[in-house]
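K.L.:
This one is protein_32.pdb, PDB, C-alpha atoms.
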ATOM      1  CA  MET A   1      81.895  53.440-251.647
ATOM      2  CA  ARG A   2      84.030  56.539-251.552
ATOM      3  CA  LEU A   3      86.947  56.733-249.136
ATOM      4  CA  ARG A   4      88.933  59.721-248.064
ATOM      5  CA  THR A   5      92.337  58.043-247.851
ATOM      6  CA  ARG A   6      95.127  59.441-245.689
ATOM      7  CA  TYR A   7      98.784  58.464-245.905
ATOM      8  CA  PHE A   8     100.969  59.177-242.907
ATOM      9  CA  ALA A   9     104.717  59.253-242.304
ATOM     10  CA  ALA A  10     106.561  56.635-244.392
ATOM     11  CA  ALA A  11     103.352  55.846-246.300
ATOM     12  CA  ARG A  12     103.052  59.468-247.394
ATOM     13  CA  ASP A  13     106.687  59.445-248.510
ATOM     14  CA  ALA A  14     106.133  56.253-250.519
ATOM     15  CA  VAL A  15     102.972  57.471-252.244
ATOM     16  CA  GLY A  16     103.904  61.131-252.620
ATOM     17  CA  LEU A  17     100.479  62.210-251.355
ATOM     18  CA  ALA A  18      99.100  63.106-247.941
ATOM     19  CA  GLU A  19      95.595  62.150-248.984
ATOM     20  CA  GLU A  20      93.312  61.360-251.888
ATOM     21  CA  THR A  21      89.779  60.193-252.533
ATOM     22  CA  ILE A  22      89.395  56.603-253.713
ATOM     23  CA  ASP A  23      86.238  55.279-255.319
ATOM     24  CA  VAL A  24      86.174  51.699-254.144
ATOM     25  CA  PRO A  25      84.756  49.415-256.827
ATOM     26  CA  ALA A  26      81.866  47.103-256.077
ATOM     27  CA  GLY A  27      83.139  43.679-255.081
ATOM     28  CA  THR A  28      85.757  45.071-252.713
ATOM     29  CA  GLY A  29      84.382  43.295-249.700
ATOM     30  CA  THR A  30      87.029  43.193-247.013
ATOM     31  CA  VAL A  31      89.979  45.104-245.675
ATOM     32  CA  ALA A  32      92.234  42.540-247.370
ATOM     33  CA  ASP A  33      90.659  43.511-250.714
ATOM     34  CA  LEU A  34      91.356  47.110-249.854
ATOM     35  CA  ARG A  35      95.050  46.318-249.395
ATOM     36  CA  THR A  36      95.096  44.724-252.850
ATOM     37  CA  LEU A  37      93.453  47.821-254.286
ATOM     38  CA  LEU A  38      95.991  50.125-252.621
ATOM     39  CA  LEU A  39      98.897  48.086-253.973
ATOM     40  CA  ALA A  40      97.520  48.167-257.515
ATOM     41  CA  ARG A  41      97.132  51.912-257.248
ATOM     42  CA  HIS A  42     100.512  52.562-255.625
ATOM     43  CA  PRO A  43     103.043  49.770-256.299
ATOM     44  CA  GLY A  44     105.680  51.806-254.450
ATOM     45  CA  LEU A  45     103.706  51.415-251.246
ATOM     46  CA  ALA A  46     104.388  47.666-251.002
ATOM     47  CA  ARG A  47     107.234  47.710-248.471
ATOM     48  CA  VAL A  48     105.518  50.158-246.126
ATOM     49  CA  LEU A  49     102.022  48.697-246.524
ATOM     50  CA  GLY A  50     103.317  45.275-245.525
ATOM     51  CA  GLN A  51     104.302  46.762-242.161
ATOM     52  CA  SER A  52     101.257  48.998-241.755
ATOM     53  CA  ARG A  53      97.966  48.705-239.950
ATOM     54  CA  LEU A  54      94.862  50.196-241.522
ATOM     55  CA  ALA A  55      92.230  52.304-239.816
ATOM     56  CA  LEU A  56      88.687  52.992-240.972
ATOM     57  CA  ASN A  57      86.863  55.900-239.397
ATOM     58  CA  GLN A  58      89.707  56.171-236.867
ATOM     59  CA  ARG A  59      89.506  52.569-235.649
ATOM     60  CA  PHE A  60      92.068  49.878-236.336
ATOM     61  CA  VAL A  61      90.726  47.167-238.623
ATOM     62  CA  VAL A  62      91.969  43.700-239.552
ATOM     63  CA  ASP A  63      92.078  42.073-242.967
ATOM     64  CA  SER A  64      88.915  40.030-242.406
ATOM     65  CA  ASP A  65      86.763  43.057-241.487
ATOM     66  CA  LEU A  66      83.940  43.917-243.889
ATOM     67  CA  LEU A  67      84.012  47.347-245.524
ATOM     68  CA  SER A  68      80.236  47.626-245.527
ATOM     69  CA  ALA A  69      80.294  48.289-241.786
ATOM     70  CA  PHE A  70      82.201  51.526-242.423
ATOM     71  CA  ASP A  71      80.338  52.956-245.403
ATOM     72  CA  GLY A  72      79.008  56.487-245.098
ATOM     73  CA  PRO A  73      79.450  60.006-246.431
ATOM     74  CA  ASP A  74      82.543  60.677-244.326
ATOM     75  CA  ALA A  75      84.220  57.278-244.541
ATOM     76  CA  GLU A  76      87.940  57.670-243.920
ATOM     77  CA  LEU A  77      90.777  55.215-244.477
ATOM     78  CA  ALA A  78      94.216  55.724-242.965
ATOM     79  CA  ILE A  79      97.460  53.878-243.590
ATOM     80  CA  ILE A  80      99.268  53.583-240.259
ATOM     81  CA  PRO A  81     102.959  52.625-240.575
ATOM     82  CA  PRO A  82     104.772  51.342-237.443
ATOM     83  CA  VAL A  83     104.079  53.915-234.739
ATOM     84  CA  ALA A  84     106.729  55.624-232.630
ATOM     85  CA  GLY A  85     104.992  57.907-230.176
ATOM     86  CA  GLY A  86     106.400  58.844-226.807
TER
ATOM     87  CA  MET B   1     100.423  75.073-223.774
ATOM     88  CA  GLN B   2      97.333  76.409-221.994
ATOM     89  CA  ALA B   3      95.073  74.654-219.509
ATOM     90  CA  MET B   4      93.777  71.349-220.875
ATOM     91  CA  THR B   5      90.068  71.341-221.658
ATOM     92  CA  ARG B   6      90.123  67.588-222.228
ATOM     93  CA  PRO B   7      92.232  64.789-220.730
ATOM     94  CA  VAL B   8      94.223  63.950-223.887
ATOM     95  CA  VAL B   9      95.792  66.505-226.193
ATOM     96  CA  VAL B  10      98.051  66.231-229.232
ATOM     97  CA  THR B  11      99.512  69.647-229.873
ATOM     98  CA  ASP B  12     102.146  71.532-231.848
ATOM     99  CA  VAL B  13     102.951  73.935-229.012
ATOM    100  CA  PRO B  14     105.500  73.274-226.220
ATOM    101  CA  LEU B  15     104.083  71.100-223.455
ATOM    102  CA  SER B  16     103.279  72.315-219.957
ATOM    103  CA  ILE B  17     103.921  69.750-217.235
ATOM    104  CA  ASP B  18     101.802  71.839-214.863
ATOM    105  CA  ALA B  19      98.815  71.761-217.208
ATOM    106  CA  VAL B  20      98.863  67.959-217.386
ATOM    107  CA  VAL B  21      99.329  67.586-213.630
ATOM    108  CA  ALA B  22      96.487  70.029-212.974
ATOM    109  CA  ARG B  23      94.210  67.766-214.975
ATOM    110  CA  VAL B  24      94.678  64.865-212.529
ATOM    111  CA  GLN B  25      95.281  66.671-209.235
ATOM    112  CA  HIS B  26      92.389  66.862-206.766
ATOM    113  CA  PRO B  27      91.921  66.675-203.003
ATOM    114  CA  GLY B  28      91.400  62.910-203.029
ATOM    115  CA  ALA B  29      94.614  62.238-204.921
ATOM    116  CA  GLY B  30      97.339  61.402-202.429
ATOM    117  CA  ALA B  31      99.787  60.549-205.199
ATOM    118  CA  VAL B  32     100.515  62.037-208.600
ATOM    119  CA  VAL B  33     103.004  60.285-210.874
ATOM    120  CA  VAL B  34     104.327  62.006-213.993
ATOM    121  CA  MET B  35     106.264  60.455-216.852
ATOM    122  CA  ILE B  36     108.048  62.964-219.087
ATOM    123  CA  GLY B  37     109.336  61.684-222.404
ATOM    124  CA  CYS B  38     112.158  63.865-223.723
ATOM    125  CA  VAL B  39     113.998  63.929-227.022
ATOM    126  CA  ARG B  40     117.306  62.110-226.548
ATOM    127  CA  ASP B  41     120.485  63.257-228.264
ATOM    128  CA  HIS B  42     121.487  59.740-229.203
ATOM    129  CA  THR B  43     120.149  56.364-230.188
ATOM    130  CA  ARG B  44     121.562  52.877-230.622
ATOM    131  CA  LYS B  45     121.521  51.120-233.957
ATOM    132  CA  ASP B  46     123.035  47.694-234.469
ATOM    133  CA  GLY B  47     124.854  48.074-231.166
ATOM    134  CA  VAL B  48     126.410  51.430-232.138
ATOM    135  CA  THR B  49     125.577  54.767-230.499
ATOM    136  CA  VAL B  50     124.584  57.424-233.016
ATOM    137  CA  ALA B  51     124.078  61.155-232.355
ATOM    138  CA  VAL B  52     120.539  62.501-232.948
ATOM    139  CA  HIS B  53     120.108  66.182-233.833
ATOM    140  CA  ARG B  54     116.347  66.454-234.076
ATOM    141  CA  LEU B  55     113.103  64.519-234.308
ATOM    142  CA  GLU B  56     110.144  65.449-236.441
ATOM    143  CA  TYR B  57     106.944  64.173-234.837
ATOM    144  CA  GLU B  58     103.710  63.818-236.730
ATOM    145  CA  ALA B  59     100.355  62.380-235.721
ATOM    146  CA  TYR B  60      96.984  61.385-237.038
ATOM    147  CA  ALA B  61      95.864  63.717-234.307
ATOM    148  CA  GLU B  62      92.140  62.979-234.136
ATOM    149  CA  MET B  63      92.693  59.241-233.984
ATOM    150  CA  ALA B  64      95.698  59.509-231.641
ATOM    151  CA  GLU B  65      93.620  61.483-229.167
ATOM    152  CA  SER B  66      90.755  59.006-229.335
ATOM    153  CA  VAL B  67      93.036  55.939-229.046
ATOM    154  CA  ILE B  68      94.844  57.378-226.015
ATOM    155  CA  ALA B  69      91.576  58.560-224.440
ATOM    156  CA  GLY B  70      90.253  55.008-224.835
ATOM    157  CA  HIS B  71      93.247  53.692-222.888
ATOM    158  CA  CYS B  72      92.673  56.301-220.183
ATOM    159  CA  THR B  73      89.059  55.224-219.834
ATOM    160  CA  ASP B  74      89.973  51.517-219.756
ATOM    161  CA  LEU B  75      92.603  52.005-217.069
ATOM    162  CA  GLU B  76      90.401  54.285-214.980
ATOM    163  CA  THR B  77      87.557  51.782-215.172
ATOM    164  CA  ALA B  78      89.840  48.931-214.120
ATOM    165  CA  THR B  79      91.305  50.929-211.229
ATOM    166  CA  PRO B  80      88.738  52.995-209.316
ATOM    167  CA  GLY B  81      90.239  56.254-208.077
ATOM    168  CA  LEU B  82      92.779  56.458-210.908
ATOM    169  CA  ARG B  83      92.726  59.653-212.962
ATOM    170  CA  THR B  84      94.937  60.120-216.039
ATOM    171  CA  ALA B  85      95.889  62.781-218.569
ATOM    172  CA  VAL B  86      98.274  62.968-221.530
ATOM    173  CA  ALA B  87      99.764  65.691-223.684
ATOM    174  CA  HIS B  88     101.803  64.712-226.744
ATOM    175  CA  ARG B  89     103.799  67.114-228.870
ATOM    176  CA  VAL B  90     104.108  67.116-232.647
ATOM    177  CA  GLY B  91     106.421  69.132-234.897
ATOM    178  CA  ASP B  92     110.140  69.762-234.974
ATOM    179  CA  LEU B  93     111.795  68.852-231.655
ATOM    180  CA  ARG B  94     115.371  69.102-230.441
ATOM    181  CA  PRO B  95     117.249  67.115-227.774
ATOM    182  CA  GLY B  96     115.865  67.993-224.347
ATOM    183  CA  ASP B  97     112.457  69.037-225.653
ATOM    184  CA  LEU B  98     109.397  67.434-224.071
ATOM    185  CA  ALA B  99     107.708  64.967-226.420
ATOM    186  CA  VAL B 100     105.089  63.550-224.080
ATOM    187  CA  VAL B 101     103.783  64.124-220.563
ATOM    188  CA  VAL B 102     101.699  61.401-218.906
ATOM    189  CA  ALA B 103     100.168  62.016-215.495
ATOM    190  CA  ALA B 104      98.268  59.633-213.240
ATOM    191  CA  SER B 105      96.800  60.278-209.830
ATOM    192  CA  SER B 106      95.277  58.004-207.251
ATOM    193  CA  PRO B 107      94.510  58.026-203.535
ATOM    194  CA  HIS B 108      97.672  55.922-203.042
ATOM    195  CA  ARG B 109     100.979  55.737-204.901
ATOM    196  CA  ALA B 110     100.958  52.137-206.119
ATOM    197  CA  GLU B 111      97.972  52.649-208.416
ATOM    198  CA  ALA B 112      99.350  55.976-209.665
ATOM    199  CA  PHE B 113     102.734  54.429-210.578
ATOM    200  CA  ASP B 114     101.116  51.425-212.244
ATOM    201  CA  GLY B 115      98.580  53.532-214.134
ATOM    202  CA  CYS B 116     101.172  55.951-215.442
ATOM    203  CA  ARG B 117     103.429  53.098-216.605
ATOM    204  CA  ALA B 118     100.574  51.221-218.256
ATOM    205  CA  LEU B 119      99.381  54.311-220.074
ATOM    206  CA  ILE B 120     102.744  55.252-221.610
ATOM    207  CA  GLU B 121     103.308  51.640-222.699
ATOM    208  CA  ARG B 122      99.892  51.491-224.370
ATOM    209  CA  LEU B 123     100.429  54.860-226.037
ATOM    210  CA  LYS B 124     103.731  53.683-227.495
ATOM    211  CA  HIS B 125     102.090  50.513-228.763
ATOM    212  CA  ASP B 126      99.238  51.906-230.810
ATOM    213  CA  ALA B 127      98.788  55.680-230.816
ATOM    214  CA  PRO B 128      99.165  56.780-234.464
ATOM    215  CA  ILE B 129     102.167  59.036-233.917
ATOM    216  CA  TRP B 130     105.452  58.886-235.835
ATOM    217  CA  LYS B 131     108.895  60.380-235.606
ATOM    218  CA  ARG B 132     111.506  60.998-238.248
ATOM    219  CA  GLU B 133     114.997  60.958-236.842
ATOM    220  CA  TYR B 134     117.761  63.218-238.119
ATOM    221  CA  GLY B 135     121.019  61.703-236.952
ATOM    222  CA  ASP B 136     124.678  61.357-237.837
ATOM    223  CA  ASP B 137     123.755  58.279-239.862
ATOM    224  CA  GLY B 138     121.054  60.005-241.925
ATOM    225  CA  ILE B 139     117.295  60.451-241.833
ATOM    226  CA  SER B 140     114.888  57.635-240.998
ATOM    227  CA  TRP B 141     111.400  56.849-239.714
ATOM    228  CA  VAL B 142     111.767  55.317-236.275
ATOM    229  CA  GLY B 143     110.377  51.781-236.118
ATOM    230  CA  LEU B 144     110.111  51.215-239.864
ATOM    231  CA  GLY B 145     111.665  47.917-240.903
ATOM    232  CA  PRO B 146     113.579  47.091-244.101
TER
END
Would it be possible to restate this file's structure as structure tokens?
P.N.:
Amino acid sequence: MRLRTRYFAAARDAVGLAEETIDVPAGTGTVADLRTLLLARHPGLARVLGQSRLALNQRFVVDSDLLSAFDGPDAELAIIPPVAGG
Amino acid sequence: MQAMTRPVVVTDVPLSIDAVVARVQHPGAGAVVVMIGCVRDHTRKDGVTVAVHRLEYEAYAEMAESVIAGHCTDLETATPGLRTAVAHRVGDLRPGDLAVVVAASSPHRAEAFDGCRALIERLKHDAPIWKREYGDDGISWVGLGP
């Protein structure tokens, strides 16, 4: 599974990237596994990730959600730090 | 900001209150309620008032529009006759600038007030929009914990 991964706000600052493509290895089954993968890739993201929600294909997901439901050619992951609109 | 072609817009151009109101105004709407969120020149941190010079807003615009539009649909479904619209600004804003305009109309005022209030509260809860605050005490992402 290939994920266009977008880092916003404090997450972008922590990673130093606005986006990248991540090839998700087989065996990464859930959103929780995805968090583990992100931390291994970007240890500096730990503080922000712990406060962030994740979105797949522009929908909020929870740690128990299965990645397989979101697979596709345009699959997109977003790291959503605490929001402050309005 | 030009006329709105859809009920929810996230934009980098200055907001038009009229454009948002026009989106909800119609002959059956006896009441239109508008909430205007403006950039404030101060904030409170740890009980101390701190001057704010500017806010930098950013959004995951596609998702923000779809999240807010989902709230509009939910509220309008729950309250027949309610019509809602939202414009949210992104970019570099100064005190007094308009950050968000939420409009709600209904045949009668109670539903318009309630709908407008519910919509801004929901937007603040989960629309993927962020602001970086430039104040006397430094630069920080609003809402980010230690």
K.L.:
Check which residues satisfy the PyMOL selection byres ((chain A and resi 7) around 9) in the file shown, then give them as a PyMOL selection string.
P.N.:
chain A and resi 5-6+8-20+77-81
K.L.:
Would you list which chain A residues are within 6 Å of chain B using all atoms listed in the file, as number ranges by chain?
P.N.:
A: 58, 82-86
K.L.:
Please, could you write that set of residues out with C-alpha atoms as a JSON list (two decimals), in the frame of the given file?
P.N.:
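New file out28.json:
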[["chain", "number", "residue", "atom", "x", "y", "z"],
["A", 58, "GLN", "CA", 89.71, 56.17, -236.87],
["A", 82, "PRO", "CA", 104.77, 51.34, -237.44],
["A", 83, "VAL", "CA", 104.08, 53.92, -234.74],
["A", 84, "ALA", "CA", 106.73, 55.62, -232.63],
["A", 85, "GLY", "CA", 104.99, 57.91, -230.18],
["A", 86, "GLY", "CA", 106.40, 58.84, -226.81]]
K.L.:
For Arg117 of chain B, list every protein, DNA or RNA residue within 10 Å, evaluated using only C-alpha atoms, and leave out those in the same chain fewer than 3 positions away; present the list as a short mmCIF file (atom, residue, chain, number, x, y, z; two decimals) with C-alpha atoms, in the frame of the given file.
P.N.:
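Result file is result.cif:
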data_model
loop_
_atom_site.label_atom_id
_atom_site.label_comp_id
_atom_site.auth_asym_id
_atom_site.auth_seq_id
_atom_site.Cartn_x
_atom_site.Cartn_y
_atom_site.Cartn_z
CA VAL B 33 103.00 60.28 -210.87
CA VAL B 34 104.33 62.01 -213.99
CA MET B 35 106.26 60.46 -216.85
CA VAL B 102 101.70 61.40 -218.91
CA ALA B 103 100.17 62.02 -215.50
CA ALA B 104 98.27 59.63 -213.24
CA GLU B 111 97.97 52.65 -208.42
CA ALA B 112 99.35 55.98 -209.66
CA PHE B 113 102.73 54.43 -210.58
CA ASP B 114 101.12 51.42 -212.24
CA ILE B 120 102.74 55.25 -221.61
CA GLU B 121 103.31 51.64 -222.70
CA ARG B 122 99.89 51.49 -224.37
#
K.L.:
Between atom CA of Gly28 of chain B and atom CA of Arg83 of chain B, what is the spacing in Å?
P.N.:
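Here the two named atoms are 10.5 Å from each other.
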K.L.:
Care to translate the PyMOL selection byres ((chain A and resi 26) around 12) into actual residues of this file, as a PyMOL selection string?
P.N.:
chain A and resi 1-2+23-25+27-30+33-34+37+67-68
K.L.:
Please, what is the axis-aligned box for every listed atom of segment 102-109 of chain B with 6 Å on each side, as centre and edge lengths in Å to one decimal, as AutoDock Vina command-line options?
P.N.:
--center_x 98.1 --center_y 58.9 --center_z -211.0 --size_x 19.2 --size_y 18.3 --size_z 27.9
